[in-house]
Amino acid sequence: MLKEAKTRHETDAIIIGAGPVGLFAIFQLGMLKLACHVVDALPVPGGQLSALYPEKPIYDIPGFTSILAGELVDRLLAQAKPFHPQFHQDCTVTSLSRLPDGRWEVDLSDGQVLIAPVVIIAAGPGAFGPHRPPLDGLADYENKSVFYMVRRSADFAGKRVVIAGGGDSAVDWAICLADIAARVMVIHRRAKFRAAPASAARLLALAEAGAVDLVVPCQLHGLEGAAGILSAVVVSDLEGHQRKLPADVLLAFFGLASQLGPIAQWGLEMDGHQIAVDAARLATNLPGVFAIGDIASYPGKLKLILQGFSEAAMAAQAAHCVVRPDRAIHFEHSTTLGVPVV
């Protein structure tokens with residue numbers, strides 16, 4: 001039996017990681033007329049900004065006294081859009097190998113293959129993935145009525161929302177959705193929450209006022225519904241007694257796992273759990289491979305988004321020398337260059 005041929009894409013650069021730094025790298029490459037494909041383990045772009053706190057403000061982005069994390073992601077995507085990046089979301093890089101012609105071949109978990117002379121690793125602290133509760137049939141409900149992150153609180157207006165977890169994410173979203181959802185029920189295996197004390201106190205106050213139902217101490221036991229649409233979440237207490245919570249949505253906040261995965265096996269020089277790079281070019285020890293953002297390590301490194309933005313610009317300039325070695329870069333400000341078409 002013949003194996004199905006893999007889909008191959010050739011481009012100028014491959015960006016691994018669609019967090020804010022990876023998204024800005026799209027723009028910087030585009031300004032140099034370099035096309036790219038972007039790979040990310042999460043189903044939506046934005047990295048931690050989308051996964052952990054899309055509706056929380058960020059205060060250290062130049063030009064903004066405050067900007068919501070989700071809004072920053074939207075603006076970065078809009079900035080990158082003219083350069084037509086090709087996104088590969090909800091998949092990971094399984095291998096990185098160098099071809100005889102010097103280009104890099106990147107194999108993806110969905111079976112596709114990307115080929116480019118340049119790879120820019122912007123994977124933050126590694127690939128993110130949610131800790132999933134061990135429930136039968138869970139996959140049928142994921143991204144339909146079971147979610148591990150919230151993109152927009154308005155999506156849950158008028159719905160019966162069950163939130164499972166006892167940390168900051170669970171508590172913060174319970175507070176946020178109390179005035180939006182038809183009903184908010186919080187499941188936790190203990191009566192005490194691990195969130196910031198002020199947030200935990202506010203949640204308890206909402207519960208006392210009847211704005212939120214605390215289902216404690218309990219844990220998830222099962223899901224009921226059809227075609228991926230929930231009708232109830234089944235919980236059990238410490239004695240094993242079960243009860244059904246009528247629900248339209250389950251938000252499961254048991255944390256996100258972050259791991260380097262195959263990156264650690266690519267022959268890159270590491271500095272602990274980070275990739276060692278040349279601070280001037282963000283180049284790794286592999287020719288044509290660069291690292292930017294939280295995953296990059298060099299003396300004087302600051303783990304700030306704005307520093308990552310600077311690294312994206314520097315890596316793009318260095319990448320141009322690899323992709324177009326016969327073309328000199330004539331540096332121009334964007335005010336005179338405009339936005340070129342790739």
# chains A, B, ... in the order shown; residues from 1 in each chain; ligands from 1
>>> select_by_dssp(residues="region 196-289 of chain A", states="helix (DSSP H, G or I)", output="ChimeraX atom specification")
/A:197-208,261-265
>>> closest_atom_pairs(of="region 86-114 of chain A", to="region 41-46 of chain A", cutoff="12 Å", atoms="only C-alpha atoms", output="Markdown table")
| residue | atom | partner | partner_atom | distance |
| --- | --- | --- | --- | --- |
| A:Gln86 | CA | A:Pro45 | CA | 11.8 |
| A:Phe87 | CA | A:Pro45 | CA | 8.6 |
| A:His88 | CA | A:Ala41 | CA | 8.5 |
| A:Gln89 | CA | A:Pro43 | CA | 5.1 |
| A:Asp90 | CA | A:Pro43 | CA | 4.3 |
| A:Cys91 | CA | A:Ala41 | CA | 4.8 |
| A:Thr92 | CA | A:Ala41 | CA | 5.2 |
| A:Val93 | CA | A:Ala41 | CA | 8.5 |
| A:Thr94 | CA | A:Ala41 | CA | 11.2 |
| A:Leu108 | CA | A:Ala41 | CA | 10.3 |
| A:Ser109 | CA | A:Ala41 | CA | 9.6 |
| A:Asp110 | CA | A:Ala41 | CA | 11.0 |
>>> atom_distance(atom1="CA of Ala116 (chain A)", atom2="CA of Gly288 (chain A)")
9.3 Å
>>> residues_around(residues="region 220-231 of chain A", least_positions_apart="6", cutoff="9 Å", atoms="only C-alpha atoms", output="list in words")
Pro133, Pro134, Leu135, Asp136, Gly137, Leu138, Ala139, Asp140, Tyr141, Glu142, Asn143, Lys144, Ser145, Val146, Ala164, Ile187, His188, Arg189, Gln242, Lys244, Leu245, Pro246, Ala247, Asp248, Val249 and Leu250 of chain A
>>> residues_around(residues="region 152-154 of chain A", least_positions_apart="3", cutoff="12 Å", atoms="only C-alpha atoms", output="JSON, numbers by chain")
{"A": [50, 51, 53, 54, 55, 56, 68, 69, 70, 71, 147, 149, 157, 158, 159, 161, 172, 173, 174, 175, 176, 177, 178, 179, 180, 181, 182, 251]}
>>> write_last_selection(atoms="C-alpha atoms", output="mmCIF file, in the first residue's frame")
data_model
loop_
_atom_site.group_PDB
_atom_site.id
_atom_site.type_symbol
_atom_site.label_atom_id
_atom_site.label_comp_id
_atom_site.auth_asym_id
_atom_site.auth_seq_id
_atom_site.Cartn_x
_atom_site.Cartn_y
_atom_site.Cartn_z
ATOM 1 C CA SER A 50 -4.440 34.395 24.388
ATOM 2 C CA ALA A 51 -4.145 31.315 26.603
ATOM 3 C CA TYR A 53 -5.048 36.468 30.191
ATOM 4 C CA PRO A 54 -6.598 37.838 26.970
ATOM 5 C CA GLU A 55 -8.722 40.383 28.850
ATOM 6 C CA LYS A 56 -6.077 41.569 31.290
ATOM 7 C CA LEU A 68 -5.652 44.378 26.827
ATOM 8 C CA ALA A 69 -3.570 41.325 25.998
ATOM 9 C CA GLY A 70 -6.145 40.096 23.490
ATOM 10 C CA GLU A 71 -6.274 43.501 21.813
ATOM 11 C CA PHE A 147 -12.722 25.130 26.604
ATOM 12 C CA MET A 149 -9.041 29.314 27.593
ATOM 13 C CA ALA A 157 -23.346 35.803 27.739
ATOM 14 C CA GLY A 158 -26.568 34.179 28.895
ATOM 15 C CA LYS A 159 -25.022 30.719 29.220
ATOM 16 C CA VAL A 161 -21.057 28.111 32.774
ATOM 17 C CA ASP A 172 -10.648 35.463 37.847
ATOM 18 C CA TRP A 173 -12.962 34.151 35.131
ATOM 19 C CA ALA A 174 -15.662 33.254 37.650
ATOM 20 C CA ILE A 175 -15.582 36.851 38.871
ATOM 21 C CA CYS A 176 -15.535 38.239 35.337
ATOM 22 C CA LEU A 177 -18.419 36.066 34.095
ATOM 23 C CA ALA A 178 -20.620 36.543 37.150
ATOM 24 C CA ASP A 179 -22.321 39.551 35.535
ATOM 25 C CA ILE A 180 -22.295 38.104 32.009
ATOM 26 C CA ALA A 181 -23.297 34.436 32.151
ATOM 27 C CA ALA A 182 -26.779 33.258 33.096
ATOM 28 C CA LEU A 251 -14.220 25.906 31.380
#
>>> closest_residue(among="A:Gly124, A:Gly102, A:Gly255, A:Pro57", to="Pro20 (chain A)", atoms="only C-alpha atoms")
A:Gly124
>>> select_by_dssp(residues="region 17-257 of chain A", states="strand (DSSP E or B)", output="PyMOL selection string")
chain A and resi 36-39+57-58+67-68+86-88+93-98+104-108+113-116+118-121+127-130+142+146-147+160-164+183-187+213-215+218-226+229-237+242-246+249-252+256-257
>>> write_last_selection(atoms="C-alpha atoms", output="short mmCIF file (atom, residue, chain, number, x, y, z; two decimals), in the first residue's frame")
data_model
loop_
_atom_site.label_atom_id
_atom_site.label_comp_id
_atom_site.auth_asym_id
_atom_site.auth_seq_id
_atom_site.Cartn_x
_atom_site.Cartn_y
_atom_site.Cartn_z
CA CYS A 36 6.90 32.95 6.17
CA HIS A 37 4.91 30.07 7.61
CA VAL A 38 4.08 30.08 11.32
CA VAL A 39 3.65 26.99 13.53
CA PRO A 57 -4.25 44.87 30.71
CA ILE A 58 -0.56 45.18 29.82
CA ILE A 67 -3.77 47.63 26.35
CA LEU A 68 -5.65 44.38 26.83
CA GLN A 86 0.51 30.98 6.51
CA PHE A 87 -0.51 29.70 9.95
CA HIS A 88 -0.32 26.08 11.11
CA VAL A 93 7.16 20.54 15.06
CA THR A 94 8.21 16.92 15.29
CA SER A 95 11.64 17.21 13.66
CA LEU A 96 14.13 19.67 12.21
CA SER A 97 16.68 18.46 9.68
CA ARG A 98 19.03 20.11 7.22
CA TRP A 104 15.85 23.34 6.72
CA GLU A 105 13.05 20.80 6.61
CA VAL A 106 10.48 21.07 9.39
CA ASP A 107 8.06 18.18 9.87
CA LEU A 108 4.75 18.96 11.55
CA VAL A 113 6.38 19.57 5.73
CA LEU A 114 7.83 23.08 5.64
CA ILE A 115 11.09 23.94 3.88
CA ALA A 116 13.01 27.21 4.25
CA VAL A 118 15.71 30.21 7.83
CA VAL A 119 13.98 29.02 11.01
CA ILE A 120 13.11 31.48 13.78
CA ILE A 121 12.22 29.85 17.08
CA ALA A 127 4.97 24.40 23.55
CA PHE A 128 1.81 25.03 25.56
CA GLY A 129 -0.92 22.50 26.05
CA PRO A 130 -3.74 22.28 28.58
CA GLU A 142 -13.57 20.30 23.06
CA VAL A 146 -15.52 22.57 26.64
CA PHE A 147 -12.72 25.13 26.60
CA ARG A 160 -24.80 28.31 32.14
CA VAL A 161 -21.06 28.11 32.77
CA VAL A 162 -19.28 25.53 34.92
CA ILE A 163 -15.72 26.46 35.85
CA ALA A 164 -13.41 23.74 37.16
CA ARG A 183 -25.21 31.18 35.86
CA VAL A 184 -21.67 30.50 37.05
CA MET A 185 -20.79 27.36 39.00
CA VAL A 186 -17.27 26.81 40.32
CA ILE A 187 -16.05 23.28 41.03
CA ASP A 213 -22.44 28.94 43.01
CA LEU A 214 -19.50 27.26 44.75
CA VAL A 215 -19.61 23.50 44.26
CA CYS A 218 -16.18 18.33 44.52
CA GLN A 219 -14.46 17.17 41.35
CA LEU A 220 -15.43 16.49 37.76
CA HIS A 221 -16.92 13.06 37.11
CA GLY A 222 -18.51 13.14 33.66
CA LEU A 223 -20.17 15.03 30.83
CA GLU A 224 -23.65 14.71 29.39
CA GLY A 225 -24.85 16.00 26.05
CA ALA A 226 -24.95 15.18 22.35
CA ILE A 229 -23.05 20.20 22.97
CA LEU A 230 -23.21 19.96 26.75
CA SER A 231 -26.41 19.62 28.71
CA ALA A 232 -24.91 18.82 32.12
CA VAL A 233 -21.66 18.36 33.99
CA VAL A 234 -21.60 15.51 36.50
CA VAL A 235 -19.60 16.06 39.70
CA SER A 236 -18.85 13.88 42.69
CA ASP A 237 -18.04 14.80 46.27
CA GLN A 242 -22.82 12.40 42.34
CA ARG A 243 -24.93 15.31 41.17
CA LYS A 244 -25.66 16.94 37.82
CA LEU A 245 -25.09 20.60 37.10
CA PRO A 246 -27.15 21.85 34.13
CA VAL A 249 -20.18 25.35 28.85
CA LEU A 250 -17.35 23.82 30.85
CA LEU A 251 -14.22 25.91 31.38
CA ALA A 252 -11.48 23.60 32.67
CA LEU A 256 -1.08 24.70 30.95
CA ALA A 257 1.86 22.37 30.45
#
>>> closest_residue(among="A:Gly300, A:Gly308, A:Trp266, A:Thr65", to="Asn285 (chain A)", atoms="only C-alpha atoms")
A:Trp266
>>> atom_distance(atom1="CA of Pro262 (chain A)", atom2="CA of Gln48 (chain A)")
20.0 Å
>>> atom_distance(atom1="CA of Gly293 (chain A)", atom2="CA of Ile305 (chain A)")
7.4 Å
>>> closest_residue(among="A:Ala123, A:Val216, A:Ala207, A:Leu337", to="Lys192 (chain A)", atoms="only C-alpha atoms")
A:Val216
>>> residues_around(residues="Pro85 (chain A)", least_positions_apart="6", cutoff="10 Å", atoms="only C-alpha atoms", output="list of chain:residue names")
A:Ile14, A:Ile15, A:Leu23, A:Ile26, A:Phe27, A:Gly30, A:Ala35, A:Cys36, A:His37, A:Val38, A:Leu77, A:Val342
>>> decode(residues="region 140-249 of chain A", atoms="C-alpha atoms", output="compact mmCIF listing (two decimals), in the first residue's frame")
# COMPACT_ATOMS: atom_id res chain seq x y z
CA ASP A 140 -16.12 15.28 21.40
CA TYR A 141 -16.89 18.46 23.37
CA GLU A 142 -13.57 20.30 23.06
CA ASN A 143 -13.74 23.68 21.30
CA LYS A 144 -17.53 23.32 21.11
CA SER A 145 -18.67 23.48 24.70
CA VAL A 146 -15.52 22.57 26.64
CA PHE A 147 -12.72 25.13 26.60
CA TYR A 148 -9.34 25.60 28.27
CA MET A 149 -9.04 29.31 27.59
CA VAL A 150 -11.32 32.29 27.09
CA ARG A 151 -10.94 34.55 24.07
CA ARG A 152 -13.92 36.82 24.75
CA SER A 153 -16.04 36.91 27.86
CA ALA A 154 -19.00 38.05 25.72
CA ASP A 155 -19.08 34.60 24.09
CA PHE A 156 -20.58 33.25 27.32
CA ALA A 157 -23.35 35.80 27.74
CA GLY A 158 -26.57 34.18 28.89
CA LYS A 159 -25.02 30.72 29.22
CA ARG A 160 -24.80 28.31 32.14
CA VAL A 161 -21.06 28.11 32.77
CA VAL A 162 -19.28 25.53 34.92
CA ILE A 163 -15.72 26.46 35.85
CA ALA A 164 -13.41 23.74 37.16
CA GLY A 165 -10.22 24.66 39.01
CA GLY A 166 -9.00 26.53 42.05
CA GLY A 167 -6.22 28.79 40.79
CA ASP A 168 -6.09 32.36 39.54
CA SER A 169 -7.54 31.62 36.10
CA ALA A 170 -10.60 29.82 37.51
CA VAL A 171 -11.27 32.47 40.14
CA ASP A 172 -10.65 35.46 37.85
CA TRP A 173 -12.96 34.15 35.13
CA ALA A 174 -15.66 33.25 37.65
CA ILE A 175 -15.58 36.85 38.87
CA CYS A 176 -15.53 38.24 35.34
CA LEU A 177 -18.42 36.07 34.09
CA ALA A 178 -20.62 36.54 37.15
CA ASP A 179 -22.32 39.55 35.53
CA ILE A 180 -22.29 38.10 32.01
CA ALA A 181 -23.30 34.44 32.15
CA ALA A 182 -26.78 33.26 33.10
CA ARG A 183 -25.21 31.18 35.86
CA VAL A 184 -21.67 30.50 37.05
CA MET A 185 -20.79 27.36 39.00
CA VAL A 186 -17.27 26.81 40.32
CA ILE A 187 -16.05 23.28 41.03
CA HIS A 188 -13.00 22.76 43.25
CA ARG A 189 -11.83 19.81 45.28
CA ARG A 190 -11.23 22.05 48.29
CA ALA A 191 -13.15 24.90 49.87
CA LYS A 192 -10.00 27.04 49.84
CA PHE A 193 -8.79 28.53 46.54
CA ARG A 194 -5.19 29.02 45.44
CA ALA A 195 -5.83 32.40 43.81
CA ALA A 196 -4.61 35.80 44.95
CA PRO A 197 -6.16 36.53 48.37
CA ALA A 198 -8.09 39.58 47.15
CA SER A 199 -9.57 37.61 44.24
CA ALA A 200 -10.48 34.65 46.44
CA ALA A 201 -12.21 37.01 48.88
CA ARG A 202 -14.17 38.63 46.06
CA LEU A 203 -15.30 35.22 44.78
CA LEU A 204 -16.53 34.27 48.26
CA ALA A 205 -18.42 37.56 48.46
CA LEU A 206 -20.09 36.86 45.12
CA ALA A 207 -21.04 33.40 46.34
CA GLU A 208 -22.57 34.81 49.52
CA ALA A 209 -24.55 37.26 47.40
CA GLY A 210 -25.83 34.39 45.23
CA ALA A 211 -24.07 35.63 42.08
CA VAL A 212 -21.86 32.54 41.87
CA ASP A 213 -22.44 28.94 43.01
CA LEU A 214 -19.50 27.26 44.75
CA VAL A 215 -19.61 23.50 44.26
CA VAL A 216 -17.02 22.47 46.86
CA PRO A 217 -15.45 20.15 47.75
CA CYS A 218 -16.18 18.33 44.52
CA GLN A 219 -14.46 17.17 41.35
CA LEU A 220 -15.43 16.49 37.76
CA HIS A 221 -16.92 13.06 37.11
CA GLY A 222 -18.51 13.14 33.66
CA LEU A 223 -20.17 15.03 30.83
CA GLU A 224 -23.65 14.71 29.39
CA GLY A 225 -24.85 16.00 26.05
CA ALA A 226 -24.95 15.18 22.35
CA ALA A 227 -22.98 16.11 19.22
CA GLY A 228 -20.44 18.02 21.27
CA ILE A 229 -23.05 20.20 22.97
CA LEU A 230 -23.21 19.96 26.75
CA SER A 231 -26.41 19.62 28.71
CA ALA A 232 -24.91 18.82 32.12
CA VAL A 233 -21.66 18.36 33.99
CA VAL A 234 -21.60 15.51 36.50
CA VAL A 235 -19.60 16.06 39.70
CA SER A 236 -18.85 13.88 42.69
CA ASP A 237 -18.04 14.80 46.27
CA LEU A 238 -15.35 13.24 48.45
CA GLU A 239 -17.69 10.39 49.43
CA GLY A 240 -18.46 9.60 45.80
CA HIS A 241 -21.97 11.02 45.77
CA GLN A 242 -22.82 12.40 42.34
CA ARG A 243 -24.93 15.31 41.17
CA LYS A 244 -25.66 16.94 37.82
CA LEU A 245 -25.09 20.60 37.10
CA PRO A 246 -27.15 21.85 34.13
CA ALA A 247 -24.57 23.49 31.87
CA ASP A 248 -23.93 24.87 28.41
CA VAL A 249 -20.18 25.35 28.85
